[in-house]
file work_9.pdb (PDB, C-alpha atoms)
ATOM      1  CA  MET A  20      13.079 -45.957 -53.513
ATOM      2  CA  PRO A  21       9.264 -45.981 -53.112
ATOM      3  CA  SER A  22       7.774 -46.100 -49.611
ATOM      4  CA  THR A  23       6.367 -49.383 -48.423
ATOM      5  CA  SER A  24       3.185 -49.835 -46.413
ATOM      6  CA  ALA A  25       5.397 -50.565 -43.401
ATOM      7  CA  ASP A  26       7.135 -47.208 -43.774
ATOM      8  CA  VAL A  27       3.790 -45.405 -43.894
ATOM      9  CA  THR A  28       2.625 -47.212 -40.796
ATOM     10  CA  ILE A  29       5.801 -46.294 -38.907
ATOM     11  CA  ASN A  30       5.466 -42.637 -39.933
ATOM     12  CA  LYS A  31       1.861 -42.584 -38.723
ATOM     13  CA  ILE A  32       2.924 -44.073 -35.404
ATOM     14  CA  LEU A  33       5.711 -41.519 -35.027
ATOM     15  CA  LEU A  34       3.386 -38.620 -35.872
ATOM     16  CA  THR A  35       0.749 -39.899 -33.479
ATOM     17  CA  SER A  36       3.335 -40.267 -30.703
ATOM     18  CA  PHE A  37       4.699 -36.789 -31.404
ATOM     19  CA  ALA A  38       1.197 -35.279 -31.311
ATOM     20  CA  ALA A  39       0.431 -37.123 -28.093
ATOM     21  CA  GLY A  40       3.668 -35.825 -26.582
ATOM     22  CA  ILE A  41       2.853 -32.236 -27.542
ATOM     23  CA  THR A  42      -0.649 -32.617 -26.109
ATOM     24  CA  ALA A  43       0.758 -33.985 -22.846
ATOM     25  CA  ILE A  44       3.320 -31.190 -22.547
ATOM     26  CA  THR A  45       0.638 -28.577 -23.317
ATOM     27  CA  GLY A  46      -1.599 -30.124 -20.675
ATOM     28  CA  ILE A  47       1.157 -30.052 -18.082
ATOM     29  CA  LEU A  48       2.037 -26.419 -18.842
ATOM     30  CA  THR A  49      -1.629 -25.445 -18.727
ATOM     31  CA  TYR A  50      -2.011 -27.141 -15.349
ATOM     32  CA  VAL A  51       1.101 -25.450 -13.992
ATOM     33  CA  TYR A  52      -0.133 -22.048 -15.215
ATOM     34  CA  TYR A  53      -3.561 -22.727 -13.725
ATOM     35  CA  ARG A  54      -2.085 -23.649 -10.365
ATOM     36  CA  LYS A  55       0.369 -20.762 -10.345
ATOM     37  CA  TYR A  56      -1.834 -17.941 -11.582
ATOM     38  CA  PHE A  57      -5.487 -18.632 -12.289
ATOM     39  CA  LYS A  58      -6.347 -20.771  -9.277
ATOM     40  CA  ARG A  59      -4.431 -18.474  -6.953
ATOM     41  CA  ASP A  60      -6.355 -15.491  -8.304
ATOM     42  CA  VAL A  61      -9.785 -16.969  -7.608
ATOM     43  CA  MET A  62     -11.370 -15.547  -4.457
ATOM     44  CA  PRO A  63     -11.378 -18.206  -1.735
ATOM     45  CA  ALA A  64     -14.590 -19.898  -0.663
ATOM     46  CA  LYS A  65     -13.113 -20.790   2.732
ATOM     47  CA  TRP A  66     -11.218 -18.586   5.168
ATOM     48  CA  ARG A  67      -9.300 -19.098   8.385
ATOM     49  CA  PRO A  68      -8.902 -16.483  11.143
ATOM     50  CA  VAL A  69      -5.336 -15.451  11.958
ATOM     51  CA  GLY A  70      -5.670 -12.355  14.138
ATOM     52  CA  VAL A  71      -7.418  -9.049  14.767
ATOM     53  CA  LEU A  72      -7.171  -5.576  13.300
ATOM     54  CA  GLN A  73      -5.414  -3.697  16.100
ATOM     55  CA  GLN A  74      -5.005  -0.355  14.338
ATOM     56  CA  ILE A  75      -6.308   1.466  11.246
ATOM     57  CA  ASN A  76      -4.267   4.316   9.793
ATOM     58  CA  ILE A  77      -5.628   6.952   7.451
ATOM     59  CA  PHE A  78      -3.077   9.525   6.300
ATOM     60  CA  PRO A  79      -5.096  12.489   4.982
ATOM     61  CA  VAL A  80      -1.930  14.280   3.798
ATOM     62  CA  LYS A  81       0.701  12.128   2.112
ATOM     63  CA  SER A  82       3.868  11.817   4.252
ATOM     64  CA  CYS A  83       2.202  13.411   7.290
ATOM     65  CA  GLY A  84       0.756  11.958  10.484
ATOM     66  CA  ALA A  85      -2.223   9.610  10.786
ATOM     67  CA  LEU A  86      -5.763  10.832  11.410
ATOM     68  CA  LYS A  87      -7.006  10.568  14.976
ATOM     69  CA  LEU A  88      -9.703   7.864  14.985
ATOM     70  CA  ASN A  89     -12.209   6.730  17.579
ATOM     71  CA  ALA A  90     -12.328   3.045  18.503
ATOM     72  CA  ASP A  91     -15.927   2.743  17.286
ATOM     73  CA  ASP A  92     -15.436   4.481  13.915
ATOM     74  CA  PHE A  93     -16.549   2.473  10.903
ATOM     75  CA  ILE A  94     -14.057   3.008   8.079
ATOM     76  CA  GLU A  95     -15.075   2.550   4.469
ATOM     77  CA  CYS A  96     -12.828   0.541   2.156
ATOM     78  CA  ASN A  97     -13.380   1.655  -1.423
ATOM     79  CA  VAL A  98     -11.367   1.506  -4.628
ATOM     80  CA  LEU A  99      -9.478   4.722  -3.821
ATOM     81  CA  GLY A 100      -8.520   3.721  -0.292
ATOM     82  CA  LEU A 101      -9.708   4.139   3.289
ATOM     83  CA  ARG A 102     -12.382   6.777   3.861
ATOM     84  CA  LEU A 103     -13.938   8.284   6.979
ATOM     85  CA  LEU A 104     -16.737  10.646   5.918
ATOM     86  CA  SER A 105     -14.973  13.272   3.766
ATOM     87  CA  VAL A 106     -11.437  12.173   4.595
ATOM     88  CA  LEU A 107      -9.754   9.878   2.083
ATOM     89  CA  ASP A 108      -6.367   8.287   2.609
ATOM     90  CA  ARG A 109      -3.536  10.268   0.952
ATOM     91  CA  ALA A 110      -5.905  12.433  -1.105
ATOM     92  CA  LEU A 111      -3.867  15.516  -0.143
ATOM     93  CA  MET A 112      -0.224  15.972  -1.089
ATOM     94  CA  VAL A 113       2.421  18.672  -0.797
ATOM     95  CA  VAL A 114       4.279  19.660  -3.970
ATOM     96  CA  SER A 115       7.085  22.100  -4.714
ATOM     97  CA  HIS A 116       6.826  25.296  -6.737
ATOM     98  CA  LYS A 117       7.762  23.079  -9.698
ATOM     99  CA  ASN A 118       4.807  20.775  -8.902
ATOM    100  CA  GLU A 119       7.117  17.971  -7.766
ATOM    101  CA  MET A 120       6.080  15.609  -4.961
ATOM    102  CA  ILE A 121       7.401  16.544  -1.511
ATOM    103  CA  THR A 122       7.761  13.871   1.205
ATOM    104  CA  ALA A 123       9.220  13.334   4.661
ATOM    105  CA  ARG A 124      12.152  11.517   3.100
ATOM    106  CA  LYS A 125      13.622  14.980   2.535
ATOM    107  CA  TYR A 126      11.701  16.860   5.237
ATOM    108  CA  PRO A 127      11.292  14.463   8.208
ATOM    109  CA  LYS A 128       9.355  17.002  10.290
ATOM    110  CA  MET A 129       6.364  16.392   8.007
ATOM    111  CA  VAL A 130       5.457  13.341  10.119
ATOM    112  CA  LEU A 131       4.682  15.763  12.976
ATOM    113  CA  ILE A 132       1.825  17.307  10.980
ATOM    114  CA  HIS A 133      -1.342  15.820  12.481
ATOM    115  CA  THR A 134      -5.002  15.936  11.539
ATOM    116  CA  LYS A 135      -8.390  15.615  13.197
ATOM    117  CA  LEU A 136     -11.836  15.467  11.600
ATOM    118  CA  VAL A 137     -14.325  17.961  13.035
ATOM    119  CA  GLY A 138     -17.888  17.280  11.909
ATOM    120  CA  ASN A 139     -18.357  15.727   8.480
ATOM    121  CA  THR A 140     -16.163  17.875   6.252
ATOM    122  CA  ILE A 141     -13.788  19.969   8.381
ATOM    123  CA  LEU A 142     -10.201  18.805   8.820
ATOM    124  CA  HIS A 143      -8.027  20.465  11.469
ATOM    125  CA  ILE A 144      -4.334  20.382  10.589
ATOM    126  CA  THR A 145      -1.779  21.015  13.337
ATOM    127  CA  ALA A 146       2.005  21.052  13.714
ATOM    128  CA  PRO A 147       4.477  22.164  16.432
ATOM    129  CA  GLY A 148       4.649  25.953  16.682
ATOM    130  CA  MET A 149       1.852  26.474  14.135
ATOM    131  CA  ASP A 150      -1.705  27.757  14.409
ATOM    132  CA  THR A 151      -4.404  25.237  13.536
ATOM    133  CA  LEU A 152      -5.190  25.181   9.821
ATOM    134  CA  GLU A 153      -8.795  24.437   8.904
ATOM    135  CA  LEU A 154      -9.609  22.698   5.635
ATOM    136  CA  ASP A 155     -13.195  22.242   4.472
ATOM    137  CA  TYR A 156     -13.446  19.428   1.933
ATOM    138  CA  ALA A 157     -16.855  20.726   0.834
ATOM    139  CA  ARG A 158     -15.332  24.028  -0.299
ATOM    140  CA  LEU A 159     -12.177  22.856  -2.015
ATOM    141  CA  SER A 160     -11.935  24.366  -5.458
ATOM    142  CA  GLY A 161      -8.977  25.343  -7.592
ATOM    143  CA  LYS A 162      -7.230  24.900 -10.891
ATOM    144  CA  ASP A 163      -5.570  21.682 -11.944
ATOM    145  CA  ILE A 164      -1.838  21.108 -12.198
ATOM    146  CA  HIS A 165       0.308  18.306 -13.600
ATOM    147  CA  THR A 166       2.348  16.400 -11.025
ATOM    148  CA  SER A 167       3.502  12.845 -10.394
ATOM    149  CA  VAL A 168       4.032  10.219  -7.729
ATOM    150  CA  TRP A 169       7.481   8.883  -8.556
ATOM    151  CA  ASP A 170       7.293   8.068 -12.273
ATOM    152  CA  SER A 171       3.492   7.917 -12.398
ATOM    153  CA  LYS A 172       1.956  11.110 -13.754
ATOM    154  CA  VAL A 173      -1.298  12.442 -12.312
ATOM    155  CA  ASP A 174      -3.285  15.680 -12.354
ATOM    156  CA  ALA A 175      -4.217  17.312  -9.063
ATOM    157  CA  MET A 176      -6.233  20.311  -7.863
ATOM    158  CA  LEU A 177      -4.670  23.254  -6.036
ATOM    159  CA  CYS A 178      -6.223  23.825  -2.598
ATOM    160  CA  GLY A 179      -5.447  27.524  -2.232
ATOM    161  CA  ASP A 180      -2.990  30.146  -1.021
ATOM    162  CA  LYS A 181      -3.653  29.859   2.718
ATOM    163  CA  TYR A 182      -2.759  26.172   2.661
ATOM    164  CA  ASP A 183       0.324  26.807   0.549
ATOM    165  CA  GLN A 184       1.541  29.450   3.013
ATOM    166  CA  TRP A 185       0.939  27.241   6.063
ATOM    167  CA  PHE A 186       2.838  24.244   4.683
ATOM    168  CA  SER A 187       5.603  26.445   3.255
ATOM    169  CA  TYR A 188       6.173  28.166   6.577
ATOM    170  CA  TYR A 189       6.196  24.956   8.641
ATOM    171  CA  ILE A 190       8.309  22.834   6.295
ATOM    172  CA  LEU A 191      10.594  25.447   4.698
ATOM    173  CA  GLY A 192      10.392  28.331   7.143
ATOM    174  CA  LYS A 193       9.345  30.546   4.220
ATOM    175  CA  GLU A 194       6.117  32.249   3.188
ATOM    176  CA  LYS A 195       5.995  30.401  -0.111
ATOM    177  CA  GLY A 196       7.645  27.595  -2.023
ATOM    178  CA  LEU A 197       5.213  24.721  -1.460
ATOM    179  CA  LYS A 198       1.636  23.976  -2.511
ATOM    180  CA  LEU A 199      -1.081  21.690  -1.181
ATOM    181  CA  VAL A 200      -2.971  19.703  -3.812
ATOM    182  CA  TYR A 201      -6.041  17.451  -3.714
ATOM    183  CA  TYR A 202      -7.005  14.293  -5.607
ATOM    184  CA  PRO A 203     -10.385  15.239  -7.147
ATOM    185  CA  TYR A 204     -11.279  12.089  -9.078
ATOM    186  CA  PRO A 205     -13.851   9.428  -8.090
ATOM    187  CA  MET A 206     -11.707   6.591  -9.473
ATOM    188  CA  PRO A 207      -7.996   5.759  -9.714
ATOM    189  CA  ILE A 208      -6.395   7.369 -12.765
ATOM    190  CA  LYS A 209      -2.715   7.089 -11.841
ATOM    191  CA  ASN A 210      -0.654   4.517 -13.722
ATOM    192  CA  THR A 211       1.109   1.724 -11.848
ATOM    193  CA  VAL A 212       4.626   2.754 -10.844
ATOM    194  CA  SER A 213       7.159   1.138 -13.166
ATOM    195  CA  ARG A 214       8.825  -1.055 -10.526
ATOM    196  CA  LEU A 215       5.538  -2.932  -9.938
ATOM    197  CA  THR A 216       4.351  -3.434 -13.510
ATOM    198  CA  LYS A 217       5.479  -7.071 -13.601
ATOM    199  CA  GLU A 218       3.473  -8.091 -10.530
ATOM    200  CA  PRO A 219       0.894 -10.536 -11.982
ATOM    201  CA  TYR A 220      -2.024  -9.809  -9.644
ATOM    202  CA  LEU A 221      -1.783  -6.019  -9.586
ATOM    203  CA  GLN A 222      -4.659  -4.320 -11.408
ATOM    204  CA  PRO A 223      -4.798  -0.747 -12.818
ATOM    205  CA  GLU A 224      -7.412   0.296 -10.258
ATOM    206  CA  ASP A 225      -5.148  -0.688  -7.343
ATOM    207  CA  THR A 226      -3.131   2.544  -7.580
ATOM    208  CA  GLY A 227      -5.478   4.617  -5.412
ATOM    209  CA  THR A 228      -4.852   8.334  -4.849
ATOM    210  CA  PHE A 229      -1.359   9.731  -4.104
ATOM    211  CA  GLY A 230       0.021   6.595  -2.444
ATOM    212  CA  ASP A 231       3.481   5.425  -3.492
ATOM    213  CA  ALA A 232       2.256   2.120  -4.907
ATOM    214  CA  THR A 233      -1.233   0.867  -4.031
ATOM    215  CA  SER A 234      -4.265   2.037  -2.091
ATOM    216  CA  TYR A 235      -3.764  -0.375   0.832
ATOM    217  CA  MET A 236      -0.832  -1.744   2.822
ATOM    218  CA  LEU A 237      -0.775  -4.160   5.755
ATOM    219  CA  MET A 238       1.752  -4.724   8.535
ATOM    220  CA  ASN A 239       2.016  -7.865  10.661
ATOM    221  CA  LEU A 240       2.936  -6.742  14.182
ATOM    222  CA  SER A 241       4.718 -10.057  14.801
ATOM    223  CA  SER A 242       7.164  -9.107  12.055
ATOM    224  CA  ILE A 243       7.766  -5.733  13.731
ATOM    225  CA  ASP A 244       8.359  -7.522  17.039
ATOM    226  CA  ASP A 245      10.965  -9.768  15.429
ATOM    227  CA  LEU A 246      12.654  -6.816  13.729
ATOM    228  CA  ASN A 247      12.878  -5.027  17.077
ATOM    229  CA  THR A 248      14.924  -7.895  18.510
ATOM    230  CA  ARG A 249      17.550  -7.272  15.813
ATOM    231  CA  ILE A 250      18.071  -3.500  16.108
ATOM    232  CA  PRO A 251      19.490  -1.321  18.904
ATOM    233  CA  ARG A 252      16.435   0.935  19.239
ATOM    234  CA  PRO A 253      12.925  -0.509  18.803
ATOM    235  CA  VAL A 254      10.740   1.126  16.148
ATOM    236  CA  ASP A 255       7.020   1.798  16.144
ATOM    237  CA  ALA A 256       4.942   0.054  13.484
ATOM    238  CA  LEU A 257       3.623   3.470  12.450
ATOM    239  CA  GLN A 258       7.033   4.250  10.928
ATOM    240  CA  PHE A 259       6.173   1.796   8.149
ATOM    241  CA  ARG A 260       3.062   3.775   7.162
ATOM    242  CA  GLY A 261       0.739   0.777   6.884
ATOM    243  CA  ASN A 262      -3.043   1.177   6.768
ATOM    244  CA  PHE A 263      -3.662  -2.016   8.739
ATOM    245  CA  HIS A 264      -1.816  -3.323  11.809
ATOM    246  CA  VAL A 265      -2.592  -6.999  12.407
ATOM    247  CA  LYS A 266      -2.209  -8.575  15.837
ATOM    248  CA  MET A 267      -1.748 -12.306  15.238
ATOM    249  CA  TYR A 268      -3.482 -14.872  17.420
ATOM    250  CA  LYS A 269      -0.232 -16.825  17.315
ATOM    251  CA  SER A 270       2.967 -14.841  16.869
ATOM    252  CA  GLN A 271       4.275 -15.661  13.385
ATOM    253  CA  ALA A 272       6.791 -13.237  11.960
ATOM    254  CA  TYR A 273       6.810 -12.750   8.170
ATOM    255  CA  VAL A 274       3.997 -15.244   7.584
ATOM    256  CA  GLU A 275       2.292 -12.499   5.579
ATOM    257  CA  ASP A 276       4.829 -13.116   2.818
ATOM    258  CA  LYS A 277       2.868 -16.249   1.894
ATOM    259  CA  TRP A 278      -0.655 -14.845   2.114
ATOM    260  CA  GLN A 279      -2.608 -14.463  -1.112
ATOM    261  CA  TRP A 280      -6.019 -13.224   0.041
ATOM    262  CA  ILE A 281      -7.167 -11.274   3.115
ATOM    263  CA  ARG A 282     -10.620 -10.565   4.491
ATOM    264  CA  ILE A 283     -11.251  -7.996   7.211
ATOM    265  CA  GLY A 284     -14.450  -8.512   9.160
ATOM    266  CA  ASP A 285     -17.432  -9.755   7.177
ATOM    267  CA  ALA A 286     -17.177  -7.781   3.944
ATOM    268  CA  ALA A 287     -13.905  -6.178   2.817
ATOM    269  CA  ILE A 288     -11.770  -8.557   0.734
ATOM    270  CA  PHE A 289      -8.259  -7.825  -0.548
ATOM    271  CA  ARG A 290      -5.833  -9.477  -2.939
ATOM    272  CA  VAL A 291      -2.170  -9.447  -1.946
ATOM    273  CA  VAL A 292      -0.529  -7.873  -5.006
ATOM    274  CA  ALA A 293       3.095  -7.115  -4.068
ATOM    275  CA  PRO A 294       5.604  -6.991  -1.210
ATOM    276  CA  CYS A 295       6.156  -3.532   0.231
ATOM    277  CA  THR A 296       9.783  -2.647  -0.467
ATOM    278  CA  ARG A 297      11.432  -0.217   1.895
ATOM    279  CA  CYS A 298      13.369   3.041   1.555
ATOM    280  CA  ILE A 299      14.687   5.474   4.179
ATOM    281  CA  PHE A 300      11.207   6.533   5.375
ATOM    282  CA  PRO A 301      10.982   3.980   8.234
ATOM    283  CA  ASN A 302      14.181   5.472   9.645
ATOM    284  CA  ILE A 303      12.126   8.527  10.707
ATOM    285  CA  ASN A 304      10.805   8.421  14.275
ATOM    286  CA  ALA A 305       7.042   9.023  14.088
ATOM    287  CA  VAL A 306       7.041  10.783  17.484
ATOM    288  CA  THR A 307      10.126  13.015  17.253
ATOM    289  CA  GLY A 308      10.366  13.486  13.489
ATOM    290  CA  GLU A 309      14.086  12.685  13.607
ATOM    291  CA  ARG A 310      16.060  10.234  11.474
ATOM    292  CA  ASP A 311      17.769   7.334  13.180
ATOM    293  CA  PRO A 312      21.490   8.202  13.487
ATOM    294  CA  GLU A 313      22.539   4.704  12.382
ATOM    295  CA  GLY A 314      20.092   4.334   9.514
ATOM    296  CA  GLU A 315      17.888   1.826  11.296
ATOM    297  CA  PRO A 316      15.766  -0.128  10.697
ATOM    298  CA  LEU A 317      16.594  -0.023   6.962
ATOM    299  CA  LYS A 318      20.203  -0.997   7.618
ATOM    300  CA  THR A 319      19.202  -4.225   9.352
ATOM    301  CA  LEU A 320      16.337  -5.013   6.957
ATOM    302  CA  THR A 321      18.837  -4.915   4.105
ATOM    303  CA  LYS A 322      20.753  -7.751   5.763
ATOM    304  CA  TYR A 323      17.924 -10.278   5.899
ATOM    305  CA  ARG A 324      14.801  -9.090   4.072
ATOM    306  CA  MET A 325      15.996  -8.531   0.497
ATOM    307  CA  VAL A 326      13.630  -9.564  -2.305
ATOM    308  CA  THR A 327      15.278 -11.135  -5.341
ATOM    309  CA  ARG A 328      13.254  -9.233  -7.934
ATOM    310  CA  TYR A 329      13.795  -5.869  -6.240
ATOM    311  CA  SER A 330      16.819  -3.932  -5.067
ATOM    312  CA  SER A 331      15.321  -3.115  -1.661
ATOM    313  CA  PRO A 332      14.268  -5.083   1.421
ATOM    314  CA  ALA A 333      10.580  -5.778   1.995
ATOM    315  CA  LEU A 334       8.386  -5.571   5.078
ATOM    316  CA  GLY A 335       4.617  -5.505   4.790
ATOM    317  CA  ILE A 336       2.341  -6.294   1.862
ATOM    318  CA  HIS A 337       0.521  -4.188  -0.721
ATOM    319  CA  LEU A 338      -3.152  -5.000  -1.226
ATOM    320  CA  GLY A 339      -5.730  -4.452  -3.930
ATOM    321  CA  LEU A 340      -9.394  -4.186  -2.963
ATOM    322  CA  ARG A 341     -11.598  -6.861  -4.537
ATOM    323  CA  GLU A 342     -14.783  -6.400  -2.501
ATOM    324  CA  ALA A 343     -15.649  -3.119  -0.789
ATOM    325  CA  GLY A 344     -16.915  -2.966   2.774
ATOM    326  CA  ALA A 345     -16.803  -1.177   6.118
ATOM    327  CA  ILE A 346     -14.294  -2.168   8.799
ATOM    328  CA  LYS A 347     -13.514  -1.216  12.389
ATOM    329  CA  ILE A 348     -10.785  -1.762  14.953
ATOM    330  CA  ASN A 349     -10.767  -5.292  16.446
ATOM    331  CA  ASP A 350     -12.335  -6.869  13.360
ATOM    332  CA  VAL A 351     -11.139 -10.415  12.747
ATOM    333  CA  ILE A 352      -8.501 -10.862  10.041
ATOM    334  CA  TYR A 353      -8.926 -13.885   7.790
ATOM    335  CA  VAL A 354      -6.675 -15.355   5.097
ATOM    336  CA  GLU A 355      -7.325 -18.026   2.486
ATOM    337  CA  ASP A 356      -7.746 -21.540   3.808
ATOM    338  CA  GLU A 357      -4.803 -23.499   2.392
ATOM    339  CA  ASN A 358      -6.809 -26.733   2.596
ATOM    340  CA  GLU A 359      -9.583 -25.468   0.339
TER
END

call {"tool": "encode", "arguments": {"input": "work_9.pdb", "output": "structure tokens"}}
result
Amino acid sequence: MPSTSADVTINKILLTSFAAGITAITGILTYVYYRKYFKRDVMPAKWRPVGVLQQINIFPVKSCGALKLNADDFIECNVLGLRLLSVLDRALMVVSHKNEMITARKYPKMVLIHTKLVGNTILHITAPGMDTLELDYARLSGKDIHTSVWDSKVDAMLCGDKYDQWFSYYILGKEKGLKLVYYPYPMPIKNTVSRLTKEPYLQPEDTGTFGDATSYMLMNLSSIDDLNTRIPRPVDALQFRGNFHVKMYKSQAYVEDKWQWIRIGDAAIFRVVAPCTRCIFPNINAVTGERDPEGEPLKTLTKYRMVTRYSSPALGIHLGLREAGAIKINDVIYVEDENE
């Protein structure tokens, strides 16, 4: 039966309505995507102050103690991490004779290895019962080896026999078995660890040096205070290995979970890229180097701080640097203005 003019008109109306519906749905999805991803990834024009930077932690040797800083030190924030003169955060790492990463998770006494910068390039490394080890960044030279940080492969430079012997004797009680390596590159070359690859705001250059995940991590001291009300023995924030300790103007535990952007002082700007999931490391007392006998605080964190997309609890936030700058203790901490 041949089509009538009425049938053609109806078909045109149906097609027009269908096209309009598709356009509307596409518009809605585009708006949702814009709101969820693009708009949230645009650097804020307005900021609001939330607290002050109470402490800055640079860990010259991965898994070891923090560098002793002066209150008036200006610390550089660059793409690799925190830097004070020649010292770069986690640019040194201990590896086994098989070139495998060694951390305090297995050897808790590593947290008792401390460092102090003497002059511009000399690092003094100390540990209980050990003579002071002197490392001159300006004279580091050695062959490269293949190693990895978790499942992320990276090349590193051997520091030399005297460093290998010192770390071997302190950690293992043997003359050899461990090696000290250095990150010699001017830019991040390490791939993102596999567990973070689905984080939408994480960029390849956020991996830093030998850090577990990213080049920067922040702890809200209000969250530590709340955690300490839940466990039998209070823990020090340093056990969480954060680079930045924020003292809030108004005590707000876990508010950092909702932050998207952070500015420290007048220049350094960071994107929040992932929650910091926790392992057994925070169970190690930063002063005594001993593990908590009851597995705290990880045991308690597992009860109330689990993240749905991970198999571990979270405390603290990983950051990616978006604008470099110098910072100092007591700088104001700003976050994005939600009313922008």

call {"tool": "resolve_selection", "arguments": {"input": "work_9.pdb", "expression": "the PyMOL selection byres ((chain A and resi 173-186) around 8)", "output": "ChimeraX atom specification"}}
result
/A:113,152,159-168,171-172,187-191,193-203,208-209

call {"tool": "resolve_selection", "arguments": {"input": "work_9.pdb", "expression": "the PyMOL selection byres ((chain A and resi 261-266) around 6)", "output": "ChimeraX atom specification"}}
result
/A:70-76,236-240,259-260,267

call {"tool": "closest_atom_pairs", "arguments": {"input": "work_9.pdb", "of": "region 224-316 of chain A", "to": "region 321-335 of chain A", "cutoff": "12 Å", "atoms": "all atoms listed in the file", "output": "CSV"}}
result
residue,atom,partner,partner_atom,distance
A:Tyr235,CA,A:Gly335,CA,10.6
A:Met236,CA,A:Gly335,CA,6.9
A:Leu237,CA,A:Gly335,CA,5.6
A:Met238,CA,A:Gly335,CA,4.8
A:Asn239,CA,A:Gly335,CA,6.8
A:Leu240,CA,A:Gly335,CA,9.6
A:Ser241,CA,A:Gly335,CA,11.0
A:Ser242,CA,A:Leu334,CA,7.9
A:Ile243,CA,A:Leu334,CA,8.7
A:Asp245,CA,A:Leu334,CA,11.5
A:Leu246,CA,A:Leu334,CA,9.7
A:Arg249,CA,A:Tyr323,CA,10.4
A:Ile250,CA,A:Lys322,CA,11.5
A:Ala256,CA,A:Gly335,CA,10.3
A:Leu257,CA,A:Gly335,CA,11.8
A:Gln258,CA,A:Leu334,CA,11.5
A:Phe259,CA,A:Gly335,CA,8.2
A:Arg260,CA,A:Gly335,CA,9.7
A:Gly261,CA,A:Gly335,CA,7.7
A:Asn262,CA,A:Gly335,CA,10.4
A:Phe263,CA,A:Gly335,CA,9.8
A:His264,CA,A:Gly335,CA,9.8
A:Val265,CA,A:Gly335,CA,10.6
A:Ala272,CA,A:Leu334,CA,10.4
A:Tyr273,CA,A:Leu334,CA,8.0
A:Val274,CA,A:Gly335,CA,10.2
A:Glu275,CA,A:Gly335,CA,7.4
A:Asp276,CA,A:Gly335,CA,7.9
A:Lys277,CA,A:Gly335,CA,11.3
A:Trp278,CA,A:Gly335,CA,11.1
A:Val291,CA,A:Gly335,CA,10.3
A:Val292,CA,A:Gly335,CA,11.3
A:Ala293,CA,A:Gly335,CA,9.1
A:Pro294,CA,A:Ala333,CA,6.0
A:Cys295,CA,A:Gly335,CA,5.2
A:Thr296,CA,A:Ala333,CA,4.1
A:Arg297,CA,A:Ala333,CA,5.6
A:Cys298,CA,A:Ser331,CA,7.2
A:Ile299,CA,A:Ser331,CA,10.4
A:Pro301,CA,A:Leu334,CA,10.4
A:Gly314,CA,A:Thr321,CA,10.8
A:Glu315,CA,A:Thr321,CA,9.9
A:Pro316,CA,A:Thr321,CA,8.7

call {"tool": "closest_residue", "arguments": {"input": "work_9.pdb", "among": "A:Thr307, A:Ser270, A:Asn358, A:Asn302", "to": "Ala146 (chain A)", "atoms": "all atoms listed in the file"}}
result
A:Thr307

call {"tool": "atom_distance", "arguments": {"input": "work_9.pdb", "atom1": "CA of His337 (chain A)", "atom2": "CA of Pro207 (chain A)"}}
result
15.9 Å

call {"tool": "resolve_selection", "arguments": {"input": "work_9.pdb", "expression": "the PyMOL selection byres ((chain A and resi 104) around 12)", "output": "PyMOL selection string"}}
result
chain A and resi 77+79+88+92-96+101-103+105-108+136-142+156-157+345

call {"tool": "closest_residue", "arguments": {"input": "work_9.pdb", "among": "A:Ile281, A:Val69, A:Ile132, A:Val80", "to": "Val114 (chain A)", "atoms": "only C-alpha atoms"}}
result
A:Val80

call {"tool": "atom_distance", "arguments": {"input": "work_9.pdb", "atom1": "CA of Thr134 (chain A)", "atom2": "CA of Asp91 (chain A)"}}
result
18.1 Å

call {"tool": "atom_distance", "arguments": {"input": "work_9.pdb", "atom1": "CA of Val351 (chain A)", "atom2": "CA of Ala90 (chain A)"}}
result
14.7 Å

call {"tool": "closest_residue", "arguments": {"input": "work_9.pdb", "among": "A:Gly344, A:Gly308, A:Gly84, A:Gly284", "to": "Trp66 (chain A)", "atoms": "all atoms listed in the file"}}
result
A:Gly284

call {"tool": "closest_residue", "arguments": {"input": "work_9.pdb", "among": "A:Leu340, A:Ile303, A:Met120, A:Ile288", "to": "Leu221 (chain A)", "atoms": "all atoms listed in the file"}}
result
A:Leu340

call {"tool": "closest_residue", "arguments": {"input": "work_9.pdb", "among": "A:Ser234, A:Asn247, A:Gln279, A:Gln271", "to": "Tyr220 (chain A)", "atoms": "all atoms listed in the file"}}
result
A:Gln279

call {"tool": "residues_around", "arguments": {"input": "work_9.pdb", "residues": "Glu357 (chain A)", "least_positions_apart": "2", "cutoff": "9 Å", "atoms": "all atoms listed in the file", "output": "ChimeraX atom specification"}}
result
/A:65-67,354-355,359
